[in-house]
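With PDB, C-alpha atoms inside, this is structure_39.pdb:
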ATOM      1  CA  MET A   1       0.000   0.000   0.000
ATOM      2  CA  ILE A   2       1.091   3.572  -0.696
ATOM      3  CA  LEU A   3       0.160   6.320   1.778
ATOM      4  CA  PHE A   4      -0.129   9.974   0.810
ATOM      5  CA  CYS A   5      -2.114  13.061   1.825
ATOM      6  CA  GLU A   6      -4.692  14.591  -0.477
ATOM      7  CA  ASP A   7      -2.330  17.430  -1.376
ATOM      8  CA  GLN A   8       0.534  15.027  -2.078
ATOM      9  CA  ALA A   9      -1.025  12.747  -4.656
ATOM     10  CA  PRO A  10       1.460  11.216  -7.112
ATOM     11  CA  PRO A  11       1.426  12.164 -10.811
ATOM     12  CA  GLY A  12      -1.604  10.847 -12.649
ATOM     13  CA  VAL A  13      -3.770  10.726  -9.505
ATOM     14  CA  LYS A  14      -6.398  13.363  -8.734
ATOM     15  CA  PHE A  15      -8.073  13.570  -5.318
ATOM     16  CA  LEU A  16     -11.845  14.047  -5.695
ATOM     17  CA  GLY A  17     -12.930  14.432  -2.073
ATOM     18  CA  TRP A  18     -14.563  12.503   0.760
ATOM     19  CA  PHE A  19     -18.067  11.244   1.281
ATOM     20  CA  HIS A  20     -19.877   9.183   3.912
ATOM     21  CA  PHE A  21     -22.409   6.396   3.734
ATOM     22  CA  GLN A  22     -24.411   4.291   6.163
ATOM     23  CA  GLU A  23     -23.938   0.540   6.310
ATOM     24  CA  THR A  24     -25.566  -1.585   9.028
ATOM     25  CA  ASN A  25     -25.620   1.396  11.429
ATOM     26  CA  PHE A  26     -21.860   1.815  11.094
ATOM     27  CA  GLU A  27     -20.695   5.054   9.539
ATOM     28  CA  LYS A  28     -17.709   4.784   7.237
ATOM     29  CA  GLY A  29     -15.722   7.313   5.326
ATOM     30  CA  LEU A  30     -14.791   6.602   1.742
ATOM     31  CA  SER A  31     -12.144   8.421  -0.224
ATOM     32  CA  VAL A  32     -12.389   8.605  -3.988
ATOM     33  CA  ILE A  33      -9.456   9.186  -6.278
ATOM     34  CA  GLU A  34      -9.134   9.294 -10.020
ATOM     35  CA  THR A  35      -6.246   7.550 -11.772
ATOM     36  CA  LYS A  36      -5.384   7.037 -15.408
ATOM     37  CA  GLN A  37      -7.092   3.669 -15.124
ATOM     38  CA  GLY A  38     -10.366   5.070 -13.752
ATOM     39  CA  LEU A  39     -12.000   5.769 -10.404
ATOM     40  CA  LEU A  40     -10.780   3.996  -7.306
ATOM     41  CA  ALA A  41     -12.508   4.171  -3.915
ATOM     42  CA  GLN A  42     -10.802   3.230  -0.677
ATOM     43  CA  GLY A  43     -11.892   3.361   2.964
ATOM     44  CA  ALA A  44     -10.320   5.959   5.281
ATOM     45  CA  PRO A  45     -10.667   6.881   8.995
ATOM     46  CA  LEU A  46     -13.104   9.620  10.023
ATOM     47  CA  ASN A  47     -11.578  10.601  13.354
ATOM     48  CA  GLN A  48      -9.076  13.038  11.839
ATOM     49  CA  PRO A  49      -9.523  16.281   9.881
ATOM     50  CA  ALA A  50      -9.670  15.811   6.135
ATOM     51  CA  SER A  51      -6.501  17.849   5.722
ATOM     52  CA  VAL A  52      -4.442  15.211   7.524
ATOM     53  CA  GLN A  53      -6.361  12.094   6.552
ATOM     54  CA  LEU A  54      -4.215   9.631   4.691
ATOM     55  CA  LEU A  55      -5.504   8.259   1.444
ATOM     56  CA  LEU A  56      -4.833   4.539   1.175
ATOM     57  CA  PHE A  57      -4.080   3.966  -2.464
ATOM     58  CA  ALA A  58      -4.073   0.350  -3.608
ATOM     59  CA  ASP A  59      -0.985   0.152  -5.769
ATOM     60  CA  VAL A  60      -2.215  -2.719  -7.924
ATOM     61  CA  PHE A  61      -1.859  -0.636 -11.080
ATOM     62  CA  LEU A  62       1.726   0.206 -10.150
ATOM     63  CA  ARG A  63       2.678  -3.468  -9.816
ATOM     64  CA  THR A  64       1.221  -4.846 -13.021
ATOM     65  CA  PRO A  65       1.748  -4.050 -16.709
ATOM     66  CA  PHE A  66      -2.022  -4.240 -17.283
ATOM     67  CA  SER A  67      -4.265  -1.189 -17.557
ATOM     68  CA  GLY A  68      -7.834  -0.809 -16.362
ATOM     69  CA  GLU A  69      -9.029  -1.536 -19.901
ATOM     70  CA  HIS A  70      -7.071  -4.783 -19.934
ATOM     71  CA  ILE A  71      -8.565  -5.842 -16.609
ATOM     72  CA  GLN A  72     -12.096  -5.080 -17.806
ATOM     73  CA  GLN A  73     -11.461  -7.131 -20.944
ATOM     74  CA  LEU A  74     -10.350 -10.107 -18.860
ATOM     75  CA  LYS A  75     -13.350  -9.693 -16.571
ATOM     76  CA  LYS A  76     -15.854 -10.007 -19.407
ATOM     77  CA  SER A  77     -13.962 -12.725 -21.309
ATOM     78  CA  CYS A  78     -14.987 -16.367 -21.113
ATOM     79  CA  VAL A  79     -12.591 -19.322 -21.006
ATOM     80  CA  ALA A  80     -13.451 -22.977 -21.585
ATOM     81  CA  LEU A  81     -11.090 -25.324 -19.751
ATOM     82  CA  PHE A  82     -11.045 -28.944 -20.895
ATOM     83  CA  GLY A  83      -9.458 -31.090 -18.198
ATOM     84  CA  VAL A  84      -9.003 -29.834 -14.630
ATOM     85  CA  GLY A  85      -6.318 -32.189 -13.390
ATOM     86  CA  SER A  86      -2.958 -31.090 -12.018
ATOM     87  CA  ILE A  87      -2.237 -28.605 -14.820
ATOM     88  CA  GLY A  88      -5.833 -27.585 -15.523
ATOM     89  CA  SER A  89      -6.652 -26.817 -11.892
ATOM     90  CA  ALA A  90      -3.521 -24.643 -11.589
ATOM     91  CA  ILE A  91      -4.467 -22.834 -14.806
ATOM     92  CA  ALA A  92      -7.971 -22.165 -13.474
ATOM     93  CA  LYS A  93      -6.752 -20.652 -10.204
ATOM     94  CA  SER A  94      -4.221 -18.425 -11.936
ATOM     95  CA  LEU A  95      -6.813 -17.195 -14.450
ATOM     96  CA  VAL A  96      -9.163 -16.276 -11.609
ATOM     97  CA  ARG A  97      -6.392 -14.398  -9.831
ATOM     98  CA  ALA A  98      -5.680 -12.590 -13.107
ATOM     99  CA  GLY A  99      -9.263 -11.311 -13.203
ATOM    100  CA  VAL A 100     -11.045 -13.762 -15.519
ATOM    101  CA  GLU A 101     -14.556 -14.219 -14.117
ATOM    102  CA  ASN A 102     -16.346 -16.437 -16.646
ATOM    103  CA  ILE A 103     -15.023 -19.997 -16.827
ATOM    104  CA  LEU A 104     -16.455 -23.257 -18.139
ATOM    105  CA  LEU A 105     -14.899 -26.258 -16.329
ATOM    106  CA  ILE A 106     -15.134 -29.604 -18.135
ATOM    107  CA  ASP A 107     -13.866 -32.927 -16.774
ATOM    108  CA  PRO A 108     -15.725 -36.224 -16.201
ATOM    109  CA  ASP A 109     -13.294 -37.570 -13.580
ATOM    110  CA  ARG A 110     -13.421 -37.662  -9.805
ATOM    111  CA  LEU A 111     -10.468 -36.661  -7.632
ATOM    112  CA  SER A 112      -8.519 -39.717  -6.519
ATOM    113  CA  LEU A 113      -5.988 -40.197  -3.761
ATOM    114  CA  THR A 114      -3.161 -40.288  -6.296
ATOM    115  CA  ASN A 115      -4.121 -36.822  -7.609
ATOM    116  CA  VAL A 116      -3.894 -34.902  -4.365
ATOM    117  CA  PHE A 117      -0.208 -33.960  -4.133
ATOM    118  CA  ARG A 118      -0.235 -32.400  -7.592
ATOM    119  CA  HIS A 119      -3.774 -30.975  -7.672
ATOM    120  CA  GLU A 120      -5.185 -27.668  -6.425
ATOM    121  CA  CYS A 121      -7.871 -29.508  -4.446
ATOM    122  CA  SER A 122      -7.206 -31.367  -1.204
ATOM    123  CA  MET A 123      -7.573 -34.708   0.537
ATOM    124  CA  LEU A 124     -11.009 -33.543   1.706
ATOM    125  CA  ASP A 125     -12.151 -33.542  -1.928
ATOM    126  CA  VAL A 126     -11.186 -37.144  -2.743
ATOM    127  CA  GLY A 127     -14.150 -38.855  -4.387
ATOM    128  CA  ARG A 128     -15.781 -35.619  -5.553
ATOM    129  CA  TYR A 129     -15.972 -34.580  -9.169
ATOM    130  CA  LYS A 130     -12.925 -32.488  -9.958
ATOM    131  CA  VAL A 131     -14.990 -29.709 -11.529
ATOM    132  CA  THR A 132     -17.222 -29.443  -8.448
ATOM    133  CA  ALA A 133     -14.361 -29.375  -5.962
ATOM    134  CA  LEU A 134     -12.359 -26.916  -8.052
ATOM    135  CA  ALA A 135     -15.328 -24.591  -8.556
ATOM    136  CA  GLN A 136     -15.816 -24.387  -4.789
ATOM    137  CA  SER A 137     -12.141 -23.535  -4.346
ATOM    138  CA  LEU A 138     -12.258 -20.859  -7.067
ATOM    139  CA  LEU A 139     -15.282 -19.190  -5.486
ATOM    140  CA  GLN A 140     -13.302 -18.806  -2.283
ATOM    141  CA  ILE A 141     -10.890 -16.615  -4.266
ATOM    142  CA  ASN A 142     -13.591 -14.589  -6.028
ATOM    143  CA  PRO A 143     -17.236 -15.108  -4.964
ATOM    144  CA  GLN A 144     -18.381 -13.060  -7.986
ATOM    145  CA  LEU A 145     -17.273 -15.685 -10.496
ATOM    146  CA  SER A 146     -19.635 -17.014 -13.123
ATOM    147  CA  LEU A 147     -18.757 -20.709 -13.307
ATOM    148  CA  LYS A 148     -20.299 -23.561 -15.236
ATOM    149  CA  THR A 149     -19.226 -27.120 -14.465
ATOM    150  CA  MET A 150     -19.706 -30.184 -16.629
ATOM    151  CA  ALA A 151     -18.713 -33.556 -15.166
ATOM    152  CA  GLU A 152     -19.208 -35.509 -18.361
ATOM    153  CA  ASN A 153     -17.349 -36.595 -21.461
ATOM    154  CA  ILE A 154     -18.586 -33.995 -23.914
ATOM    155  CA  PHE A 155     -16.238 -35.260 -26.624
ATOM    156  CA  GLN A 156     -18.958 -37.785 -27.412
ATOM    157  CA  TRP A 157     -21.408 -34.992 -28.187
ATOM    158  CA  PRO A 158     -22.426 -34.164 -31.764
ATOM    159  CA  SER A 159     -20.297 -31.390 -33.250
ATOM    160  CA  ALA A 160     -23.269 -29.014 -33.459
ATOM    161  CA  GLN A 161     -23.875 -29.362 -29.712
ATOM    162  CA  LEU A 162     -20.199 -28.689 -28.965
ATOM    163  CA  GLU A 163     -20.231 -25.613 -31.176
ATOM    164  CA  ASN A 164     -23.271 -24.277 -29.332
ATOM    165  CA  LEU A 165     -21.550 -24.862 -25.972
ATOM    166  CA  LEU A 166     -18.502 -22.839 -27.030
ATOM    167  CA  GLU A 167     -20.345 -20.109 -28.907
ATOM    168  CA  ASN A 168     -19.532 -17.344 -26.394
ATOM    169  CA  VAL A 169     -16.116 -18.648 -25.358
ATOM    170  CA  SER A 170     -13.131 -16.365 -25.980
ATOM    171  CA  VAL A 171     -10.327 -18.936 -25.589
ATOM    172  CA  VAL A 172     -10.334 -22.741 -25.356
ATOM    173  CA  ILE A 173      -7.692 -24.321 -23.102
ATOM    174  CA  ASP A 174      -7.025 -28.045 -23.367
ATOM    175  CA  SER A 175      -5.088 -29.648 -20.518
ATOM    176  CA  THR A 176      -6.328 -33.181 -21.112
ATOM    177  CA  ASP A 177      -3.888 -36.051 -21.520
ATOM    178  CA  ARG A 178      -5.754 -37.914 -24.256
ATOM    179  CA  PRO A 179      -4.711 -37.443 -27.917
ATOM    180  CA  SER A 180      -8.296 -37.942 -29.117
ATOM    181  CA  ALA A 181      -9.483 -35.094 -26.884
ATOM    182  CA  ARG A 182      -6.739 -32.795 -28.154
ATOM    183  CA  LEU A 183      -7.689 -33.564 -31.732
ATOM    184  CA  THR A 184     -11.298 -32.626 -30.955
ATOM    185  CA  THR A 185     -10.434 -29.316 -29.288
ATOM    186  CA  ALA A 186      -8.008 -28.469 -32.100
ATOM    187  CA  SER A 187     -10.719 -29.153 -34.675
ATOM    188  CA  LEU A 188     -13.202 -27.013 -32.742
ATOM    189  CA  GLY A 189     -10.729 -24.151 -32.702
ATOM    190  CA  TYR A 190     -10.419 -24.232 -36.476
ATOM    191  CA  GLU A 191     -14.149 -24.699 -37.048
ATOM    192  CA  LEU A 192     -15.244 -21.915 -34.671
ATOM    193  CA  HIS A 193     -12.282 -19.573 -35.245
ATOM    194  CA  LYS A 194     -11.429 -19.721 -31.544
ATOM    195  CA  PRO A 195      -7.917 -19.470 -30.086
ATOM    196  CA  VAL A 196      -6.868 -22.792 -28.561
ATOM    197  CA  VAL A 197      -4.106 -23.492 -26.026
ATOM    198  CA  HIS A 198      -2.817 -27.008 -25.308
ATOM    199  CA  ALA A 199      -0.778 -27.676 -22.145
ATOM    200  CA  GLY A 200       0.680 -31.009 -21.103
ATOM    201  CA  CYS A 201       3.309 -32.651 -18.912
ATOM    202  CA  PHE A 202       5.696 -35.356 -20.096
ATOM    203  CA  GLU A 203       6.183 -38.651 -18.307
ATOM    204  CA  GLU A 204       7.741 -38.420 -14.833
ATOM    205  CA  GLY A 205       7.396 -34.641 -14.965
ATOM    206  CA  ARG A 206      10.647 -34.318 -16.895
ATOM    207  CA  GLY A 207       9.357 -31.453 -18.995
ATOM    208  CA  GLY A 208       6.211 -30.254 -20.671
ATOM    209  CA  GLU A 209       4.735 -28.502 -23.678
ATOM    210  CA  VAL A 210       2.447 -25.586 -24.474
ATOM    211  CA  PHE A 211       1.003 -25.097 -27.947
ATOM    212  CA  TRP A 212      -1.366 -22.377 -29.118
ATOM    213  CA  HIS A 213      -3.353 -21.728 -32.264
ATOM    214  CA  ILE A 214      -4.539 -18.301 -33.414
ATOM    215  CA  PRO A 215      -7.484 -18.307 -35.849
ATOM    216  CA  ASP A 216      -6.784 -17.265 -39.431
ATOM    217  CA  VAL A 217      -3.011 -17.299 -38.951
ATOM    218  CA  LYS A 218      -0.883 -19.459 -41.216
ATOM    219  CA  GLU A 219       0.809 -21.823 -38.810
ATOM    220  CA  PRO A 220       1.022 -25.587 -38.359
ATOM    221  CA  CYS A 221      -1.461 -27.296 -36.092
ATOM    222  CA  TYR A 222      -0.448 -29.319 -33.055
ATOM    223  CA  TRP A 223      -0.359 -32.531 -35.052
ATOM    224  CA  CYS A 224       1.870 -31.095 -37.771
ATOM    225  CA  LEU A 225       4.278 -29.823 -35.140
ATOM    226  CA  ARG A 226       4.336 -33.268 -33.559
ATOM    227  CA  GLU A 227       5.045 -34.942 -36.913
ATOM    228  CA  GLY A 228       8.259 -36.929 -36.685
ATOM    229  CA  MET A 229       8.672 -36.214 -32.956
ATOM    230  CA  ALA A 230       8.578 -39.441 -30.983
ATOM    231  CA  GLN A 231       6.830 -39.238 -27.634
ATOM    232  CA  PRO A 232       9.109 -39.254 -24.562
ATOM    233  CA  PRO A 233       9.737 -42.716 -23.073
ATOM    234  CA  LYS A 234       7.420 -43.919 -20.326
ATOM    235  CA  SER A 235       8.768 -45.349 -17.096
ATOM    236  CA  ARG A 236       6.470 -45.432 -14.079
ATOM    237  CA  THR A 237       8.569 -45.791 -10.933
ATOM    238  CA  ILE A 238       5.839 -45.473  -8.283
ATOM    239  CA  ASP A 239       2.851 -47.821  -8.277
ATOM    240  CA  TYR A 240      -0.272 -46.483  -6.558
ATOM    241  CA  SER A 241      -2.580 -49.283  -7.656
ATOM    242  CA  THR A 242      -2.697 -50.825  -4.171
ATOM    243  CA  ALA A 243      -3.077 -47.560  -2.221
ATOM    244  CA  GLN A 244      -5.974 -47.743   0.232
ATOM    245  CA  GLY A 245      -5.560 -44.504   2.168
ATOM    246  CA  PRO A 246      -3.334 -41.506   2.955
ATOM    247  CA  ASP A 247      -0.779 -43.689   4.754
ATOM    248  CA  ASP A 248      -0.090 -45.544   1.491
ATOM    249  CA  PHE A 249       0.629 -42.377  -0.455
ATOM    250  CA  LYS A 250       4.342 -42.035  -1.218
ATOM    251  CA  GLY A 251       4.367 -38.477  -2.538
ATOM    252  CA  GLU A 252       5.734 -37.154  -5.806
ATOM    253  CA  PRO A 253       8.793 -34.963  -5.165
ATOM    254  CA  GLY A 254       9.003 -31.957  -7.458
ATOM    255  CA  LEU A 255       6.039 -32.851  -9.659
ATOM    256  CA  ASP A 256       3.795 -30.103  -8.291
ATOM    257  CA  ALA A 257       6.408 -27.467  -9.181
ATOM    258  CA  VAL A 258       6.760 -28.966 -12.662
ATOM    259  CA  THR A 259       3.045 -28.914 -13.434
ATOM    260  CA  LYS A 260       2.723 -25.363 -12.121
ATOM    261  CA  SER A 261       5.545 -24.114 -14.351
ATOM    262  CA  ILE A 262       3.748 -25.544 -17.388
ATOM    263  CA  ALA A 263       0.436 -24.121 -16.193
ATOM    264  CA  MET A 264       1.892 -20.639 -15.687
ATOM    265  CA  ALA A 265       3.283 -20.586 -19.231
ATOM    266  CA  ALA A 266      -0.123 -21.656 -20.553
ATOM    267  CA  VAL A 267      -1.844 -18.960 -18.473
ATOM    268  CA  GLN A 268       0.349 -16.151 -19.789
ATOM    269  CA  ILE A 269      -0.208 -17.275 -23.371
ATOM    270  CA  SER A 270      -3.955 -17.514 -22.699
ATOM    271  CA  LEU A 271      -3.995 -13.990 -21.255
ATOM    272  CA  ALA A 272      -2.134 -12.753 -24.328
ATOM    273  CA  LEU A 273      -4.809 -14.319 -26.536
ATOM    274  CA  LEU A 274      -7.622 -12.812 -24.451
ATOM    275  CA  LEU A 275      -6.028  -9.359 -24.761
ATOM    276  CA  ARG A 276      -4.957  -9.761 -28.382
ATOM    277  CA  GLY A 277      -5.362  -6.540 -30.344
ATOM    278  CA  MET A 278      -5.623  -4.271 -27.305
ATOM    279  CA  PRO A 279      -3.190  -1.326 -27.111
ATOM    280  CA  ASP A 280      -0.175  -1.312 -24.781
ATOM    281  CA  CYS A 281      -0.394  -5.008 -23.992
ATOM    282  CA  GLN A 282       3.126  -6.264 -23.315
ATOM    283  CA  LEU A 283       1.944  -9.864 -23.419
ATOM    284  CA  SER A 284       1.313  -9.507 -27.166
ATOM    285  CA  LEU A 285       5.036 -10.118 -27.690
ATOM    286  CA  VAL A 286       4.405 -13.738 -26.707
ATOM    287  CA  LEU A 287       2.325 -14.181 -29.851
ATOM    288  CA  THR A 288       5.003 -12.818 -32.204
ATOM    289  CA  THR A 289       7.567 -15.550 -31.598
ATOM    290  CA  GLN A 290       8.853 -17.688 -34.453
ATOM    291  CA  SER A 291       6.949 -20.717 -33.229
ATOM    292  CA  ASN A 292       3.671 -21.455 -31.480
ATOM    293  CA  TYR A 293       5.062 -24.529 -29.736
ATOM    294  CA  LEU A 294       6.986 -24.117 -26.469
ATOM    295  CA  LEU A 295       8.886 -26.962 -24.805
ATOM    296  CA  LEU A 296       9.632 -26.367 -21.121
ATOM    297  CA  GLY A 297      12.434 -28.167 -19.350
ATOM    298  CA  ASN A 298      13.068 -28.356 -15.625
ATOM    299  CA  ALA A 299      15.570 -29.748 -13.156
ATOM    300  CA  PHE A 300      14.751 -33.300 -14.306
ATOM    301  CA  SER A 301      15.156 -32.613 -18.041
ATOM    302  CA  ASN A 302      18.883 -33.275 -18.465
ATOM    303  CA  ASN A 303      19.418 -35.318 -21.668
ATOM    304  CA  PHE A 304      15.731 -36.256 -21.751
ATOM    305  CA  TYR A 305      13.766 -36.224 -24.991
ATOM    306  CA  ARG A 306      14.755 -32.995 -26.802
ATOM    307  CA  PHE A 307      16.118 -31.236 -23.731
ATOM    308  CA  LYS A 308      19.889 -30.748 -23.601
ATOM    309  CA  GLY A 309      20.199 -29.888 -19.932
ATOM    310  CA  PRO A 310      18.369 -28.877 -16.754
ATOM    311  CA  PHE A 311      15.833 -26.068 -17.287
ATOM    312  CA  HIS A 312      16.345 -26.138 -21.058
ATOM    313  CA  THR A 313      13.327 -24.302 -22.505
ATOM    314  CA  PHE A 314      12.921 -23.520 -26.188
ATOM    315  CA  PHE A 315      10.496 -22.963 -29.060
ATOM    316  CA  GLN A 316      10.239 -25.969 -31.347
ATOM    317  CA  PRO A 317      10.844 -24.940 -34.995
ATOM    318  CA  PHE A 318       7.996 -25.489 -37.431
ATOM    319  CA  ASN A 319       7.661 -28.900 -39.068
ATOM    320  CA  GLY A 320       4.641 -27.995 -41.165
ATOM    321  CA  PRO A 321       1.922 -27.365 -42.007
ATOM    322  CA  ARG A 322       1.510 -30.467 -44.110
ATOM    323  CA  LYS A 323      -0.456 -30.121 -47.320
ATOM    324  CA  SER A 324      -2.368 -33.279 -46.448
ATOM    325  CA  CYS A 325      -3.422 -32.064 -42.985
ATOM    326  CA  SER A 326      -7.190 -31.665 -42.743
ATOM    327  CA  LEU A 327      -6.852 -29.193 -39.857
ATOM    328  CA  CYS A 328      -4.255 -26.840 -41.308
ATOM    329  CA  GLN A 329      -6.092 -26.630 -44.603
ATOM    330  CA  LYS A 330      -9.105 -25.201 -42.773
ATOM    331  CA  THR A 331      -7.102 -22.093 -41.883
ATOM    332  CA  THR A 332      -7.848 -19.011 -43.951
ATOM    333  CA  HIS A 333      -4.612 -17.621 -45.406
TER
END
Using the file provided, produce a representation of the structure as structure tokens.
Amino acid sequence: MILFCEDQAPPGVKFLGWFHFQETNFEKGLSVIETKQGLLAQGAPLNQPASVQLLLFADVFLRTPFSGEHIQQLKKSCVALFGVGSIGSAIAKSLVRAGVENILLIDPDRLSLTNVFRHECSMLDVGRYKVTALAQSLLQINPQLSLKTMAENIFQWPSAQLENLLENVSVVIDSTDRPSARLTTASLGYELHKPVVHAGCFEEGRGGEVFWHIPDVKEPCYWCLREGMAQPPKSRTIDYSTAQGPDDFKGEPGLDAVTKSIAMAAVQISLALLLRGMPDCQLSLVLTTQSNYLLLGNAFSNNFYRFKGPFHTFFQPFNGPRKSCSLCQKTTH
């Protein structure tokens, strides 16, 4: 917080005066100031003369590169999130904290014991649908959210029904771990001219990937980028199949940090897509890179897959689009 008197307001801030209001028989004073981002009201004590009252100015606009217009755009935007597991749940919480208030949560699975140490929900939520438990947690951050939850496999729906569901969605985020689901969301993005972000974690948490598609931009789809790239090897070292309760849970060292790093990259790209075209948006630089496919390494990535060392992070060069690809050929050039 920044403290200043009404005659010592910083540049760009204009003091408008004081007014009082009644609330449950308790009189409060409210100061109103005007900034470049709009009006801001903040409570202030009444037991001192106005000339010496301190104006408590929330310095949120001084700590973020976003303007009031950017924040309003995020507030009215709508995001559809397919898959709310370890990465998806972290994406959802970060989007809410960024100011996104309209979110569609889609996942047919229930939270299991093996999910807990890498999920945003807790042991108390085991057995509940992930979308239900996560929605409750998100509302504790912002009670004004407009959330819709769907605990069903909507990928079996007819395409027309899916298109109707996503009609008012601004960005589609896919954090599922099934190739068939990713193909469906990618196809929907092309069909509906919606930006799509894919985020996933490699086996053992030894890296991850974030891919994004911008409508009507000539770029390869996720499948063209993956052409010729073998999937990382699988090697499960911890078996949870016999776990009966918390005492049987062995933990997953470092995996939570790995999934969150992938989620945070996906969130920043998603915010850039939501604010695309708005003036003075520094995040727009993310969308001007030479590739729309980011591979993120971590401490476990040394000599794994395409990573050359710990924390090796890079943009994968284009491998397409292929002329035979049914998705890429739907893009308007």
Find the residue from A:Glu203, A:Glu101, A:Val126, A:Pro253 that sits nearest to Leu139 of chain A; use only C-alpha atoms when measuring.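 The answer is A:Glu101, which sits nearest to Leu139 of chain A.
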Applied to this file, what does the PyMOL selection byres ((chain A and resi 70-79) around 7) return in terms of residues, put as a list of chain:residue names?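 Here the PyMOL selection byres ((chain A and resi 70-79) around 7) matches A:Phe66, A:Ser67, A:Gly68, A:Glu69, A:Ala80, A:Leu81, A:Gly99, A:Val100, A:Glu101, A:Asn102, A:Ile103, A:Leu104, A:Val169, A:Ser170, A:Val171, A:Val172, A:Leu274, A:Leu275.
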What's around Thr313 of chain A at 7 Å? Count all atoms listed in the file, leave out sequence neighbours fewer than 5 positions away in its own chain, and write the answer as a PyMOL selection string. chain A and resi 295-297
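Atom CA of Leu138 of chain A is positioned 7.8 Å from atom CA of Ala92 of chain A.
Taking atom CA of Phe300 of chain A as the reference point, atom CA of Val267 of chain A is found at 22.3 Å.
For the set A:Phe304, A:Trp157, A:Ser326, A:Ala272, the residue with the smallest atom-to-atom gap to Ala98 of chain A is A:Ala272, counting all atoms listed in the file.
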